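Trainee: Next comes the structure file input-v7.pdb, holding PDB, C-alpha atoms.
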```
ATOM      1  CA  MET A 399       0.000   0.000   0.000
ATOM      2  CA  VAL A 400       2.846   2.392   0.844
ATOM      3  CA  LEU A 401       4.532   1.542  -2.462
ATOM      4  CA  ILE A 402       1.394   2.586  -4.346
ATOM      5  CA  ALA A 403       1.220   5.876  -2.443
ATOM      6  CA  VAL A 404       4.903   6.576  -3.141
ATOM      7  CA  ILE A 405       4.464   5.804  -6.843
ATOM      8  CA  VAL A 406       1.439   8.124  -6.990
ATOM      9  CA  ILE A 407       3.479  10.926  -5.402
ATOM     10  CA  LEU A 408       6.366  10.306  -7.801
ATOM     11  CA  ALA A 409       3.975  10.204 -10.770
ATOM     12  CA  SER A 410       2.447  13.516  -9.692
ATOM     13  CA  ILE A 411       5.933  15.063  -9.498
ATOM     14  CA  LEU A 412       6.671  13.675 -12.955
ATOM     15  CA  TYR A 413       3.456  15.137 -14.380
ATOM     16  CA  GLN A 414       3.853  18.517 -12.668
ATOM     17  CA  ASP A 415       7.467  18.952 -13.751
ATOM     18  CA  PHE A 416       6.801  18.033 -17.366
ATOM     19  CA  ARG A 417       3.527  19.969 -17.613
ATOM     20  CA  TYR A 418       4.157  23.089 -15.541
ATOM     21  CA  ARG A 419       7.963  23.046 -15.041
ATOM     22  CA  GLU A 420       7.443  23.277 -11.287
ATOM     23  CA  ILE A 421       6.182  21.010  -8.548
ATOM     24  CA  TRP A 422       3.849  21.559  -5.643
ATOM     25  CA  TRP A 423       5.685  22.463  -2.452
ATOM     26  CA  PHE A 424       4.172  19.641  -0.406
ATOM     27  CA  THR A 425       5.095  16.737  -2.712
ATOM     28  CA  PRO A 426       8.766  16.402  -1.632
ATOM     29  CA  PRO A 427       7.897  16.250   2.095
ATOM     30  CA  LEU A 428       5.193  13.670   1.312
ATOM     31  CA  LEU A 429       7.715  11.675  -0.694
ATOM     32  CA  LEU A 430      10.231  11.819   2.153
ATOM     33  CA  ILE A 431       7.602  10.604   4.633
ATOM     34  CA  GLY A 432       6.565   7.887   2.175
ATOM     35  CA  GLY A 433      10.207   6.832   1.884
ATOM     36  CA  PHE A 434      10.502   6.485   5.644
ATOM     37  CA  PHE A 435       7.340   4.372   5.801
ATOM     38  CA  TYR A 436       8.383   2.275   2.802
ATOM     39  CA  LYS A 437      11.825   1.498   4.223
ATOM     40  CA  TRP A 438      10.985   1.614   7.949
ATOM     41  CA  GLN A 439      11.889  -2.011   8.677
ATOM     42  CA  THR A 440      15.236  -1.867   6.869
ATOM     43  CA  LEU A 441      16.055   1.844   6.988
ATOM     44  CA  ASN A 442      19.693   2.440   7.778
ATOM     45  CA  TRP A 443      19.848   5.901   9.342
ATOM     46  CA  GLU A 444      23.568   6.150   8.708
ATOM     47  CA  HIS A 445      23.031   5.569   4.988
ATOM     48  CA  PHE A 446      20.195   8.096   4.976
ATOM     49  CA  LEU A 447      22.496  10.667   6.576
ATOM     50  CA  PHE A 448      25.300   9.942   4.108
ATOM     51  CA  ASN A 449      22.886  10.264   1.180
ATOM     52  CA  PHE A 450      21.583  13.557   2.547
ATOM     53  CA  LEU A 451      25.116  14.867   3.101
ATOM     54  CA  PHE A 452      26.169  13.731  -0.378
ATOM     55  CA  ILE A 453      23.371  15.736  -2.011
ATOM     56  CA  SER A 454      24.080  18.711   0.274
ATOM     57  CA  MET A 455      27.742  18.620  -0.697
ATOM     58  CA  LEU A 456      26.956  18.416  -4.408
ATOM     59  CA  ILE A 457      24.551  21.353  -4.208
ATOM     60  CA  SER A 458      27.091  23.372  -2.219
ATOM     61  CA  PHE A 459      29.742  22.756  -4.871
ATOM     62  CA  LEU A 460      27.224  23.654  -7.563
ATOM     63  CA  VAL A 461      26.425  26.962  -5.826
ATOM     64  CA  VAL A 462      30.119  27.836  -5.620
ATOM     65  CA  TYR A 463      30.712  26.792  -9.237
ATOM     66  CA  VAL A 464      27.809  28.877 -10.555
ATOM     67  CA  ARG A 465      28.941  31.914  -8.572
ATOM     68  CA  ILE A 466      32.498  31.654  -9.884
ATOM     69  CA  ARG A 467      31.768  30.568 -13.449
ATOM     70  CA  PHE A 468      28.658  32.584 -14.272
ATOM     71  CA  LYS A 469      28.902  35.388 -11.702
ATOM     72  CA  SER A 470      25.350  34.566 -10.670
ATOM     73  CA  SER A 471      24.166  34.898  -7.123
ATOM     74  CA  ASN A 472      21.097  32.683  -7.344
ATOM     75  CA  LEU A 473      21.558  29.088  -8.448
ATOM     76  CA  PHE A 474      17.911  28.207  -7.892
ATOM     77  CA  ARG A 475      16.502  31.046  -9.940
ATOM     78  CA  ASP A 476      18.809  30.782 -12.924
ATOM     79  CA  TYR A 477      20.140  27.248 -13.265
ATOM     80  CA  PHE A 478      18.699  24.592 -10.983
ATOM     81  CA  GLY A 479      15.212  24.388  -9.537
ATOM     82  CA  LEU A 480      14.644  24.224  -5.812
ATOM     83  CA  GLY A 481      12.100  21.470  -6.481
ATOM     84  CA  ASP A 482      14.865  19.416  -8.105
ATOM     85  CA  VAL A 483      16.957  19.617  -4.935
ATOM     86  CA  LEU A 484      13.979  18.827  -2.713
ATOM     87  CA  VAL A 485      13.142  15.743  -4.777
ATOM     88  CA  LEU A 486      16.764  14.579  -4.546
ATOM     89  CA  MET A 487      16.641  15.002  -0.783
ATOM     90  CA  ALA A 488      13.259  13.258  -0.582
ATOM     91  CA  ILE A 489      14.402  10.091  -2.367
ATOM     92  CA  THR A 490      17.374   9.543  -0.042
ATOM     93  CA  PRO A 491      15.613   7.060   2.303
ATOM     94  CA  PHE A 492      14.960   4.650  -0.569
ATOM     95  CA  PHE A 493      18.629   3.749  -1.079
ATOM     96  CA  GLY A 494      21.641   2.495   0.778
ATOM     97  CA  PHE A 495      24.550   4.895   0.446
ATOM     98  CA  PRO A 496      26.732   3.055  -2.075
ATOM     99  CA  PHE A 497      23.760   2.307  -4.302
ATOM    100  CA  PHE A 498      22.501   5.881  -4.027
ATOM    101  CA  ILE A 499      25.699   7.070  -5.724
ATOM    102  CA  TYR A 500      25.093   4.626  -8.590
ATOM    103  CA  PHE A 501      21.418   5.485  -8.809
ATOM    104  CA  PHE A 502      22.062   9.245  -8.734
ATOM    105  CA  THR A 503      24.691   8.980 -11.464
ATOM    106  CA  ALA A 504      22.621   6.705 -13.704
ATOM    107  CA  ALA A 505      19.431   8.719 -13.215
ATOM    108  CA  THR A 506      21.258  11.958 -14.010
ATOM    109  CA  ILE A 507      22.672  10.473 -17.221
ATOM    110  CA  ILE A 508      19.234   9.117 -18.129
ATOM    111  CA  SER A 509      17.774  12.588 -17.463
ATOM    112  CA  LEU A 510      20.267  14.208 -19.810
ATOM    113  CA  LEU A 511      19.688  11.587 -22.498
ATOM    114  CA  GLY A 512      15.918  11.907 -22.091
ATOM    115  CA  TYR A 513      16.197  15.676 -22.416
ATOM    116  CA  LEU A 514      18.259  15.327 -25.605
ATOM    117  CA  VAL A 515      15.788  12.887 -27.159
ATOM    118  CA  VAL A 516      12.738  14.981 -26.236
ATOM    119  CA  SER A 517      14.518  18.124 -27.499
ATOM    120  CA  LEU A 518      14.666  16.575 -30.948
ATOM    121  CA  PHE A 519      10.878  16.718 -31.108
ATOM    122  CA  LYS A 520       9.980  19.588 -28.787
ATOM    123  CA  LYS A 521      12.014  22.657 -27.893
ATOM    124  CA  GLN A 522      12.739  22.863 -24.168
ATOM    125  CA  GLN A 523      14.431  25.648 -22.233
ATOM    126  CA  SER A 524      15.430  23.505 -19.277
ATOM    127  CA  ILE A 525      15.645  19.919 -18.109
ATOM    128  CA  PRO A 526      12.685  18.657 -16.032
ATOM    129  CA  TYR A 527      15.167  17.006 -13.677
ATOM    130  CA  ALA A 528      12.739  16.299 -10.828
ATOM    131  CA  GLY A 529      10.414  14.640 -13.330
ATOM    132  CA  TYR A 530      13.103  12.448 -14.819
ATOM    133  CA  MET A 531      14.420  11.597 -11.342
ATOM    134  CA  SER A 532      10.876  10.616 -10.330
ATOM    135  CA  LEU A 533      10.536   8.418 -13.398
ATOM    136  CA  CYS A 534      13.838   6.673 -12.613
ATOM    137  CA  THR A 535      12.788   6.198  -8.990
ATOM    138  CA  ILE A 536       9.464   4.682 -10.053
ATOM    139  CA  ALA A 537      11.309   2.277 -12.355
ATOM    140  CA  PHE A 538      13.738   1.359  -9.573
ATOM    141  CA  LEU A 539      10.998   0.779  -6.989
ATOM    142  CA  LEU A 540       9.048  -1.424  -9.391
ATOM    143  CA  LEU A 541      12.158  -3.428 -10.248
ATOM    144  CA  VAL A 542      12.911  -3.950  -6.560
ATOM    145  CA  HIS A 543       9.286  -4.849  -5.848
ATOM    146  CA  PHE A 544       9.458  -7.579  -8.481
ATOM    147  CA  ASN A 545      12.915  -8.716  -7.237
ATOM    148  CA  VAL A 546      14.727  -7.549 -10.347
ATOM    149  CA  THR A 547      17.787  -5.598  -9.291
ATOM    150  CA  PRO A 548      21.389  -6.372 -10.165
ATOM    151  CA  PHE A 549      22.638  -4.216  -7.272
ATOM    152  CA  SER A 550      20.670  -5.768  -4.404
ATOM    153  CA  VAL A 551      23.780  -5.911  -2.239
ATOM    154  CA  TRP A 552      24.029  -2.098  -2.398
ATOM    155  CA  TYR A 553      20.316  -1.429  -2.135
ATOM    156  CA  GLU A 554      20.038  -2.231   1.558
TER     157      GLU A 554
END
```
Just give me the structure as structure tokens.
Mentor:
Amino acid sequence: MVLIAVIVILASILYQDFRYREIWWFTPPLLLIGGFFYKWQTLNWEHFLFNFLFISMLISFLVVYVRIRFKSSNLFRDYFGLGDVLVLMAITPFFGFPFFIYFFTAATIISLLGYLVVSLFKKQQSIPYAGYMSLCTIAFLLLVHFNVTPFSVWYE
């Protein structure tokens, strides 16, 4: 039942990001809560903390890079949506730390490839990163639910 609720939340983020290029403010907190309920029995708080710190570190480096490279003071207004960061933070309970690195990398590459393919047919100003990340998370959760994951040792 929790899996269905989480997939509905992720699907709504996917729809909102593709349709409106923004997401409702309450969907990332709902997703985070859903992640805690989904993984409650096997949740490793240390892994959750490492995942959270990993994303925080990446965003911090991105802020510094944008300020130096583009002389811009606002990363979230000009280059990266706040909803994208919140979705990244909200999916952290679903993964063990080592696997989160693999998932984040693969999902980011898939997002870029998806953007390039869609751009061939429809002009886009920006990448709906939260939407693509939601789509990848849905695919991952369904694969795990049906016991199809090559990285099961890193998932927990």
Trainee: What is the CA of Phe435 in chain A to CA of Tyr530 in chain A distance in Å?
Mentor: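 Between these atoms lies a distance of 22.9 Å.
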Trainee: Given the choices A:Val461, A:Ile508, A:Leu541, A:Leu473, which gets closest to Leu401 in chain A if the distance is worked out from only C-alpha atoms?
Mentor: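 Ranking A:Val461, A:Ile508, A:Leu541, A:Leu473 by distance to Leu401 in chain A, first place goes to A:Leu541.
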Trainee: Rank nothing, just name the residue among A:Asn449, A:Val462, A:Pro426, A:Ala537 nearest to Pro496 in chain A, using all atoms listed in the file.
Mentor: A:Asn449
Trainee: Go through A:Glu444, A:Gln523, A:Ser454, A:Leu511 one by one, measure the shortest atom-to-atom distance of each to Leu486 in chain A using all atoms listed in the file, and give the residue with the smallest value.
Mentor: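 Among the listed residues, A:Ser454 lies closest to Leu486 in chain A.
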Trainee: Near Trp423 in chain A, within 10 Å and counting all atoms listed in the file, which residues show up once chain neighbours fewer than 4 positions away are dropped, as a PyMOL selection string?
Mentor: chain A and resi 427-428+480-481+484
Trainee: Go ahead and write the residues just picked, C-alpha atoms, as a compact mmCIF listing (two decimals), in the coordinates of the input.
Mentor:
```
# COMPACT_ATOMS: atom_id res chain seq x y z
CA PRO A 427 7.90 16.25 2.10
CA LEU A 428 5.19 13.67 1.31
CA LEU A 480 14.64 24.22 -5.81
CA GLY A 481 12.10 21.47 -6.48
CA LEU A 484 13.98 18.83 -2.71
```
Trainee: Given the choices A:Gln414, A:Thr490, A:Asn545, A:Thr535, which gets closest to Phe452 in chain A if the distance is worked out from only C-alpha atoms?
Mentor: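 Looking at the shortest contact to Phe452 in chain A, the residue is A:Thr490.
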Trainee: Would you write out, as an MDAnalysis selection string, every residue that the PyMOL selection byres ((chain A and resi 506) around 12) captures in this file?
Mentor: chainID A and resid 482 486 498:505 507:513 525:535
Trainee: Which residues match the PyMOL selection byres ((chain A and resi 436) around 12) in the file above, as a PyMOL selection string?
Mentor: chain A and resi 399-405+428-435+437-441+489-493+539+543
Trainee: Output as a compact mmCIF listing (two decimals), in the coordinates of the input: range 435-446 of chain A, completed with all heavy atoms.
Mentor:
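File produced: out.txt:
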```txt
# COMPACT_ATOMS: atom_id res chain seq x y z
N PHE A 435 8.29 5.47 5.56
CA PHE A 435 7.34 4.37 5.80
C PHE A 435 7.68 3.15 4.96
O PHE A 435 7.58 2.02 5.43
CB PHE A 435 5.90 4.82 5.51
CG PHE A 435 5.26 5.54 6.65
CD1 PHE A 435 5.03 6.90 6.57
CD2 PHE A 435 4.90 4.87 7.80
CE1 PHE A 435 4.44 7.58 7.62
CE2 PHE A 435 4.30 5.53 8.87
CZ PHE A 435 4.08 6.90 8.78
N TYR A 436 8.07 3.38 3.71
CA TYR A 436 8.38 2.28 2.80
C TYR A 436 9.58 1.47 3.30
O TYR A 436 9.61 0.25 3.20
CB TYR A 436 8.63 2.82 1.40
CG TYR A 436 8.98 1.77 0.39
CD1 TYR A 436 8.01 0.88 -0.08
CD2 TYR A 436 10.26 1.65 -0.11
CE1 TYR A 436 8.32 -0.09 -1.01
CE2 TYR A 436 10.59 0.69 -1.04
CZ TYR A 436 9.62 -0.17 -1.48
OH TYR A 436 9.93 -1.14 -2.40
N LYS A 437 10.59 2.16 3.82
CA LYS A 437 11.82 1.50 4.22
C LYS A 437 11.95 1.32 5.74
O LYS A 437 13.02 0.99 6.23
CB LYS A 437 13.03 2.32 3.73
CG LYS A 437 13.22 2.33 2.24
CD LYS A 437 13.71 1.00 1.75
CE LYS A 437 15.14 0.84 2.18
NZ LYS A 437 15.78 -0.35 1.71
N TRP A 438 10.90 1.57 6.49
CA TRP A 438 10.98 1.61 7.95
C TRP A 438 11.68 0.39 8.55
O TRP A 438 12.52 0.52 9.44
CB TRP A 438 9.60 1.80 8.55
CG TRP A 438 9.70 2.05 10.02
CD1 TRP A 438 9.41 1.18 11.02
CD2 TRP A 438 10.15 3.24 10.64
NE1 TRP A 438 9.64 1.77 12.25
CE2 TRP A 438 10.10 3.05 12.03
CE3 TRP A 438 10.61 4.48 10.17
CZ2 TRP A 438 10.48 4.02 12.94
CZ3 TRP A 438 10.98 5.45 11.08
CH2 TRP A 438 10.91 5.21 12.44
N GLN A 439 11.33 -0.78 8.10
CA GLN A 439 11.89 -2.01 8.68
C GLN A 439 13.38 -2.16 8.40
O GLN A 439 14.10 -2.74 9.20
CB GLN A 439 11.14 -3.24 8.14
CG GLN A 439 9.68 -3.27 8.49
CD GLN A 439 9.47 -3.39 9.99
OE1 GLN A 439 10.20 -4.07 10.69
NE2 GLN A 439 8.46 -2.69 10.49
N THR A 440 13.84 -1.67 7.27
CA THR A 440 15.24 -1.87 6.87
C THR A 440 16.00 -0.56 6.73
O THR A 440 17.13 -0.56 6.25
CB THR A 440 15.30 -2.62 5.52
OG1 THR A 440 14.63 -1.86 4.53
CG2 THR A 440 14.71 -4.01 5.64
N LEU A 441 15.41 0.54 7.15
CA LEU A 441 16.06 1.84 6.99
C LEU A 441 17.34 1.92 7.80
O LEU A 441 17.34 1.67 9.01
CB LEU A 441 15.12 2.97 7.41
CG LEU A 441 15.64 4.39 7.23
CD1 LEU A 441 15.89 4.68 5.75
CD2 LEU A 441 14.67 5.40 7.80
N ASN A 442 18.41 2.25 7.13
CA ASN A 442 19.69 2.44 7.78
C ASN A 442 19.89 3.95 7.91
O ASN A 442 20.11 4.65 6.92
CB ASN A 442 20.80 1.81 6.94
CG ASN A 442 22.15 1.89 7.59
OD1 ASN A 442 22.46 2.84 8.32
ND2 ASN A 442 22.99 0.90 7.32
N TRP A 443 19.78 4.46 9.13
CA TRP A 443 19.85 5.90 9.34
C TRP A 443 21.20 6.48 8.96
O TRP A 443 21.30 7.63 8.54
CB TRP A 443 19.51 6.23 10.80
CG TRP A 443 18.06 5.99 11.06
CD1 TRP A 443 17.50 4.87 11.59
CD2 TRP A 443 16.97 6.87 10.74
NE1 TRP A 443 16.13 5.00 11.64
CE2 TRP A 443 15.78 6.23 11.13
CE3 TRP A 443 16.88 8.14 10.17
CZ2 TRP A 443 14.53 6.80 10.96
CZ3 TRP A 443 15.64 8.71 10.01
CH2 TRP A 443 14.48 8.04 10.40
N GLU A 444 22.23 5.69 9.09
CA GLU A 444 23.57 6.15 8.71
C GLU A 444 23.63 6.36 7.20
O GLU A 444 24.17 7.36 6.72
CB GLU A 444 24.60 5.11 9.15
CG GLU A 444 26.02 5.58 9.07
CD GLU A 444 26.95 4.55 9.69
OE1 GLU A 444 26.97 4.43 10.93
OE2 GLU A 444 27.65 3.87 8.91
N HIS A 445 23.07 5.43 6.44
CA HIS A 445 23.03 5.57 4.99
C HIS A 445 22.18 6.77 4.59
O HIS A 445 22.55 7.51 3.68
CB HIS A 445 22.48 4.30 4.33
CG HIS A 445 23.46 3.18 4.31
ND1 HIS A 445 23.55 2.30 3.28
CD2 HIS A 445 24.40 2.79 5.22
CE1 HIS A 445 24.50 1.41 3.52
NE2 HIS A 445 25.01 1.69 4.71
N PHE A 446 21.05 6.94 5.26
CA PHE A 446 20.20 8.10 4.98
C PHE A 446 20.98 9.39 5.20
O PHE A 446 20.94 10.30 4.37
CB PHE A 446 18.95 8.07 5.87
CG PHE A 446 18.18 9.35 5.86
CD1 PHE A 446 17.47 9.75 4.74
CD2 PHE A 446 18.18 10.17 6.97
CE1 PHE A 446 16.76 10.94 4.73
CE2 PHE A 446 17.48 11.36 6.97
CZ PHE A 446 16.77 11.75 5.84
```
